[in-house]
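*Asks:* Here it is, the structure, as C-alpha cells.
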Amino acid sequence: MERMVGGNGLFYPILGFASCVTFIYLSFGDLMLNNEKEQKFGFVERNGTQFMLDGSAFYINGWNSYWLMDHAADEYTKPRVRAMLQAGAKMGLTVCRTWAFNDGAYNALQSSPGRFNEHVFKALDHVIAEARQHGVRLLLSLVNNLQAYGGKTQYVKWAWEEGIGLSASNDSFFFDPSIRSYFKTYIKTVLKRRNTITGIEYRNDPTIFAWELINEPRCMSDASGDTLQDWIEEMSAFVKSIDKNHLLTVGLEGFYGPKTPKSLTMNPEEWASRLGADFIRNSKISYVDFASVHIYPDHWFHEEGLDEKIKFVRKWMLSHIDDGDRELKKPVMFTEFGLSNLNKDYQPSQRDRFYKTIFDVIYKSAKKNRAGAGALVWQFFVGGMEEYNDDFGIVPWERRSTYSLITEQSCNLARIRGLNQLKGYLKELCLEGH
C-alpha cells in the first residue's frame with residue numbers, strides 16, 4: 001500500500017459511546033466461545049493451485065491490520081489487538097495480514113542491525129497467541145519496501161552509518177551484501193523466536209499461515225528485474241532452509257515486467273512495467289508457494305470513473321488467476337485491495353460495490369477449483385483509531401451492508417469447503433442462515 005499511516009509517540013484514544021460499547025463487547029464478550037477456539041491447529045499447505053487445510057481445499061476471506069504488534073507493545077492500546085482479532089473471527093475471517101517488522105522507528109522491534117527489543121518481541125508473541133485463541137491465522141510480512149516502520153530505507157541508513165554501505169540508494173537494500181546479511185539475521189531471529197506465551201517457535205507454529213518476504217517490492221534502479229529476482233531467489237531459499245513448515249510469498253503488487261507480453265495489455269499503465277518487479281518471473285521461483293497481488297485502481301488511474309475501475313479490477317483479477325492456473329501452477333492471493341474515500345463524489349455504497357466485485361471473482365474461482373485462493377481487505381480498525389487510518393480503512397461493523405457483504409463471503413467460501421468442516425465462530429455464523 002503506497003500511503004501508510006504509522007502512529008508516533010503517545011496516543012490516547014477518544015472513543016465515541018457506540019464505538020466504546022462495541023469495543024468492550026468485542027474485547028470481553030463470548031468468553032465461552034473462546035474455549036472452543038482452543039482447537040487443534042494444523043498447518044495450511046499447498047496442493048497445486050489450492051491451499052489445503054486438514055485434507056480439504058481452504059479458501060480465504062481475510063483482512064489487513066498492519067498495526068497489531070505496534071499496539072500490543074503499549075498497555076493502553078493492547079486491548080485493541082484482542083478486539084480486532086475477535087471481531088475478524090466473528091465475521092468468519094480466517095487470515096489476518098500484519099507487520100512482523102518495525103525497524104528503527106517508535107516501538108522498534110529491531111533497533112539496529114541484529115539488536116532486538118524484547119518488550120516489542122513479546123508484543124508480537126501476544127499477537128500470535130491472541131490470533132490462535134480466536135482461530136485466526138496470520139500472514140506475517142518481514143520488511144517494508146516503503147518507509148513506514150523503517151523499511152528498506154532504514155537498512156540502507158544503518159549500513160551507511162556504519163561506513164559499510166555500497167550506495168545511498170534505497171535499492172541497495174537488494175544488492176548490498178552487508179544489507180543482505182542484516183536482513184538474513186533478521187529473518188533467522190524471527191523464524192527461530194520461541195513465543196514466551198505459547199512456548200512454540202514461530203517456525204513451528206501453525207497459527208502463522210505464511211511468511212511474506214517484503215511488502216510491495218520495487219527496484220526501480222534496475223527495470224530489467226534481475227536485481228530483485230536475485231534477491232527473491234536468495235531470501236526465499238534462506239527462509240526455507242530454516243522453516244519448511246510454512247508457506248511463503250513475495251509480497252508483490254502484481255505488475256507484469258517488460259519481458260512479459262501481458263505488460264502491454266494487463267498492466268494499469270506503461271509505468272507499471274518499469275518498477276523492477278515481474279509478477280510471473282518473481283512468482284515462478286520454486287521456494288515461493290503462492291503469488292500475491294494488490295488492487296488499487298485509485299492509485300493506478302486518475303481519470304477513470306468507478307465503472308471503468310470495476311471493469312479493470314475484474315480483468316486484472318482474472319488475468320492473475322489464469323496465470324496461477326496455466327503458468328505458475330500455484331495459488332494466487334489478492335493480499336490487499338481497497339477503494340479510496342478521497343475520490344470525487346465518493347459514496348460508501350461504491351466501496352460495497354468494489355468489495356462485491358472482488359468477492360464474486362474469488363467465489364466463482366473457488367467454485368471451479370481455480371487458482372484464486374482468497375482476498376484480504378485493506379484495512380480494518382476498531383473504533384477510536386482515526387490517527388492510524390488512511391483513505392481505505394474501515395471499522396467494518398459501523399456499516400451494516402459492508403459487514404453483511406464480508407460475512408456472506410466468509411460463509412460462501414466455507415460452504416465450498418463443507419459445512420461439516422465449520423468450527424467456532426464460522427460454524428455459528430454460517431449455520432444460522434443455512
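Scheme for the C-alpha cells: letters A, B, ... for chains in order shown; per-chain residue numbers from 1; ligand numbers from 1 in order shown.
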Go through segment 235-260 of chain A residue by residue and, counting only C-alpha atoms, keep those with an atom at most 9 Å from segment 193-213 of chain A; for each kept residue give the shortest atom pair and its distance in Å to one decimal, ordered by chain and increasing number, as a Markdown table.
*Replies:*
```
| residue | atom | partner | partner_atom | distance |
| --- | --- | --- | --- | --- |
| A:Met235 | CA | A:Leu213 | CA | 7.6 |
| A:Ser236 | CA | A:Leu213 | CA | 7.5 |
| A:Val239 | CA | A:Trp211 | CA | 8.8 |
| A:Ile242 | CA | A:Arg203 | CA | 7.7 |
| A:Asp243 | CA | A:Arg203 | CA | 5.4 |
| A:Lys244 | CA | A:Arg203 | CA | 8.0 |
| A:Asn245 | CA | A:Asn204 | CA | 6.7 |
| A:His246 | CA | A:Ala210 | CA | 5.4 |
| A:Leu247 | CA | A:Ala210 | CA | 4.6 |
| A:Leu248 | CA | A:Trp211 | CA | 4.9 |
| A:Thr249 | CA | A:Glu212 | CA | 5.0 |
| A:Val250 | CA | A:Leu213 | CA | 5.0 |
| A:Gly251 | CA | A:Glu212 | CA | 5.6 |
```
*Asks:* Could you turn the residues from that selection into a file that holds N, CA and C atoms, as a PDB file, in the first residue's frame?
*Replies:*
```pdb
ATOM      1  N   MET A 235      16.658 -14.887  -0.753  1.00  0.00           N
ATOM      2  CA  MET A 235      15.929 -14.797   0.516  1.00  0.00           C
ATOM      3  C   MET A 235      14.864 -15.895   0.666  1.00  0.00           C
ATOM      4  N   SER A 236      14.243 -16.279  -0.423  1.00  0.00           N
ATOM      5  CA  SER A 236      13.241 -17.357  -0.331  1.00  0.00           C
ATOM      6  C   SER A 236      13.923 -18.685   0.018  1.00  0.00           C
ATOM      7  N   VAL A 239      14.801 -18.514   3.792  1.00  0.00           N
ATOM      8  CA  VAL A 239      13.637 -18.777   4.643  1.00  0.00           C
ATOM      9  C   VAL A 239      13.349 -20.268   4.705  1.00  0.00           C
ATOM     10  N   ILE A 242      15.419 -22.580   6.905  1.00  0.00           N
ATOM     11  CA  ILE A 242      15.142 -22.511   8.347  1.00  0.00           C
ATOM     12  C   ILE A 242      13.758 -23.060   8.675  1.00  0.00           C
ATOM     13  N   ASP A 243      12.798 -22.806   7.796  1.00  0.00           N
ATOM     14  CA  ASP A 243      11.390 -23.127   8.071  1.00  0.00           C
ATOM     15  C   ASP A 243      10.771 -23.829   6.868  1.00  0.00           C
ATOM     16  N   LYS A 244      10.591 -25.136   7.004  1.00  0.00           N
ATOM     17  CA  LYS A 244       9.959 -25.910   5.914  1.00  0.00           C
ATOM     18  C   LYS A 244       8.483 -26.168   6.189  1.00  0.00           C
ATOM     19  N   ASN A 245       7.980 -25.634   7.311  1.00  0.00           N
ATOM     20  CA  ASN A 245       6.570 -25.849   7.680  1.00  0.00           C
ATOM     21  C   ASN A 245       5.629 -24.869   6.988  1.00  0.00           C
ATOM     22  N   HIS A 246       6.101 -23.643   6.817  1.00  0.00           N
ATOM     23  CA  HIS A 246       5.193 -22.577   6.394  1.00  0.00           C
ATOM     24  C   HIS A 246       5.276 -22.261   4.913  1.00  0.00           C
ATOM     25  N   LEU A 247       4.148 -21.785   4.394  1.00  0.00           N
ATOM     26  CA  LEU A 247       4.100 -21.274   3.031  1.00  0.00           C
ATOM     27  C   LEU A 247       4.830 -19.940   2.967  1.00  0.00           C
ATOM     28  N   LEU A 248       5.238 -19.572   1.748  1.00  0.00           N
ATOM     29  CA  LEU A 248       5.987 -18.335   1.540  1.00  0.00           C
ATOM     30  C   LEU A 248       5.477 -17.619   0.295  1.00  0.00           C
ATOM     31  N   THR A 249       5.327 -16.304   0.407  1.00  0.00           N
ATOM     32  CA  THR A 249       5.006 -15.487  -0.762  1.00  0.00           C
ATOM     33  C   THR A 249       5.972 -14.307  -0.799  1.00  0.00           C
ATOM     34  N   VAL A 250       5.996 -13.606  -1.932  1.00  0.00           N
ATOM     35  CA  VAL A 250       6.935 -12.490  -2.086  1.00  0.00           C
ATOM     36  C   VAL A 250       6.380 -11.209  -1.477  1.00  0.00           C
ATOM     37  N   GLY A 251       5.110 -10.870  -1.806  1.00  0.00           N
ATOM     38  CA  GLY A 251       4.517  -9.602  -1.377  1.00  0.00           C
ATOM     39  C   GLY A 251       4.315  -8.634  -2.529  1.00  0.00           C
TER      40      GLY A 251
END
```
*Asks:* Using backbone DSSP assignments, extract all alpha helix (DSSP H) residues from segment 74-156 of chain A; output them as a PyMOL selection string.
*Replies:* chain A and resi 79-90+118-133+151-156
*Asks:* Env of Ile280 of chain A: 10 Å cut, atoms = only C-alpha atoms, seq-sep filter 5 positions within chain, self excluded. Answer as JSON, numbers by chain.
*Replies:* {"A": [254, 255, 256, 257, 259, 260, 262, 285, 291, 320, 323, 324, 327, 328]}
*Asks:* Using only C-alpha atoms, determine which residues lie at most 12 Å from Lys364 of chain A, disregarding the query and same-chain residues fewer than 4 positions distant; provide the list as a list in words.
*Replies:*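 After dropping sequence-adjacent residues, the list is Tyr59, Arg314, Met317, Leu318, Ile321, Lys356, Thr357, Ile358, Phe359, Asp360, Lys368, Asn369, Arg370, Ala371, Gly372, Ala373, Gly374, Gln409, Asn412, Leu413 and Ile416 of chain A.
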*Asks:* Just checking: using only C-alpha atoms, which residue out of A:Ser286, A:Thr153, A:Ser65, A:Ser167 ends up closest to Arg80 of chain A?
*Replies:* A:Ser65
*Asks:* Atom CA of Tyr66 of chain A and atom CA of Trp99 of chain A, how far apart in Å?
*Replies:*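 For atom CA of Trp99 of chain A relative to atom CA of Tyr66 of chain A, the distance reads 5.2 Å.
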*Asks:* May I ask for the distance between atom CA of Ile60 of chain A and atom CA of Gln133 of chain A, given in Å to one decimal place?
*Replies:* 18.5 Å
*Asks:* Using only C-alpha atoms, which of A:Lys330, A:Arg400, A:Lys311, A:Lys157 sits nearest Phe51 of chain A?
*Replies:*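 Counting only C-alpha atoms, the residue closest to Phe51 of chain A is A:Lys330.
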*Asks:* Quick one: residues within 9 Å of Leu426 of chain A, only C-alpha atoms, excluding same-chain residues fewer than 6 positions away - as an mmCIF file with N, CA, C and O atoms, in the first residue's frame?
*Replies:*
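So the final result, stored in out-v3.cif, reads:
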```
data_model
loop_
_atom_site.group_PDB
_atom_site.id
_atom_site.type_symbol
_atom_site.label_atom_id
_atom_site.label_comp_id
_atom_site.auth_asym_id
_atom_site.auth_seq_id
_atom_site.Cartn_x
_atom_site.Cartn_y
_atom_site.Cartn_z
ATOM 1 N N ALA A 89 -12.756 -12.828 13.648
ATOM 2 C CA ALA A 89 -13.247 -14.202 13.796
ATOM 3 C C ALA A 89 -14.768 -14.258 13.725
ATOM 4 O O ALA A 89 -15.356 -15.161 13.118
ATOM 5 N N LYS A 90 -15.431 -13.264 14.325
ATOM 6 C CA LYS A 90 -16.897 -13.234 14.318
ATOM 7 C C LYS A 90 -17.459 -12.999 12.916
ATOM 8 O O LYS A 90 -18.604 -13.332 12.636
ATOM 9 N N MET A 91 -16.648 -12.401 12.041
ATOM 10 C CA MET A 91 -17.062 -12.204 10.653
ATOM 11 C C MET A 91 -16.704 -13.411 9.785
ATOM 12 O O MET A 91 -16.899 -13.386 8.570
ATOM 13 N N GLY A 92 -16.187 -14.450 10.407
ATOM 14 C CA GLY A 92 -15.833 -15.655 9.657
ATOM 15 C C GLY A 92 -14.526 -15.514 8.906
ATOM 16 O O GLY A 92 -14.225 -16.333 8.027
ATOM 17 N N LEU A 93 -13.735 -14.499 9.244
ATOM 18 C CA LEU A 93 -12.468 -14.271 8.547
ATOM 19 C C LEU A 93 -11.399 -15.192 9.125
ATOM 20 O O LEU A 93 -11.321 -15.385 10.337
ATOM 21 N N THR A 94 -10.574 -15.755 8.251
ATOM 22 C CA THR A 94 -9.652 -16.812 8.688
ATOM 23 C C THR A 94 -8.183 -16.401 8.675
ATOM 24 O O THR A 94 -7.363 -17.065 9.295
ATOM 25 N N SER A 410 -17.545 -14.932 3.667
ATOM 26 C CA SER A 410 -16.951 -15.938 4.558
ATOM 27 C C SER A 410 -17.728 -17.240 4.496
ATOM 28 O O SER A 410 -17.153 -18.330 4.387
ATOM 29 N N CYS A 411 -19.049 -17.124 4.552
ATOM 30 C CA CYS A 411 -19.888 -18.327 4.559
ATOM 31 C C CYS A 411 -19.944 -19.002 3.187
ATOM 32 O O CYS A 411 -19.960 -20.228 3.098
ATOM 33 N N ALA A 414 -16.813 -20.912 2.961
ATOM 34 C CA ALA A 414 -16.829 -22.018 3.925
ATOM 35 C C ALA A 414 -17.715 -23.161 3.444
ATOM 36 O O ALA A 414 -17.399 -24.336 3.652
#
```
*Asks:* By how many Å are atom CA of Lys309 of chain A and atom CA of Gln347 of chain A apart?
*Replies:* 14.9 Å
*Asks:* List the spatial neighbours of Phe354 of chain A as a list in words - criterion: any atom at most 9 Å away, only C-alpha atoms, same-chain residues fewer than 4 positions off excluded.
*Replies:*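 Within the cut-off, the hits are Leu306, Lys309, Ile310, Val313, Gly338, Leu339, Ser349, Gln350, Ile358 and Phe359 of chain A.
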*Asks:* Return the single residue from A:Ala168, A:Ala123, A:Leu275, A:Leu342 that is closest to Thr77 of chain A, with distances computed using only C-alpha atoms.
*Replies:*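 The closest residue to Thr77 of chain A is A:Ala123.
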*Asks:* Tell me which of A:Phe116, A:Ser319, A:Glu161, A:Thr402 sits closest to Met266 of chain A, counting only C-alpha atoms.
*Replies:*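 The shortest atom-to-atom distance to Met266 of chain A comes from A:Ser319.
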*Asks:* Find the residues near Pro268 of chain A: any atom within 10 Å, counting only C-alpha atoms, skip ones fewer than 6 places away on the same chain, and give them as a list in words.
*Replies:*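 The residues that qualify are Phe255, Tyr256, Tyr296, Pro297, His299, Trp300, Phe301, Phe312, Val313 and Trp316 of chain A.
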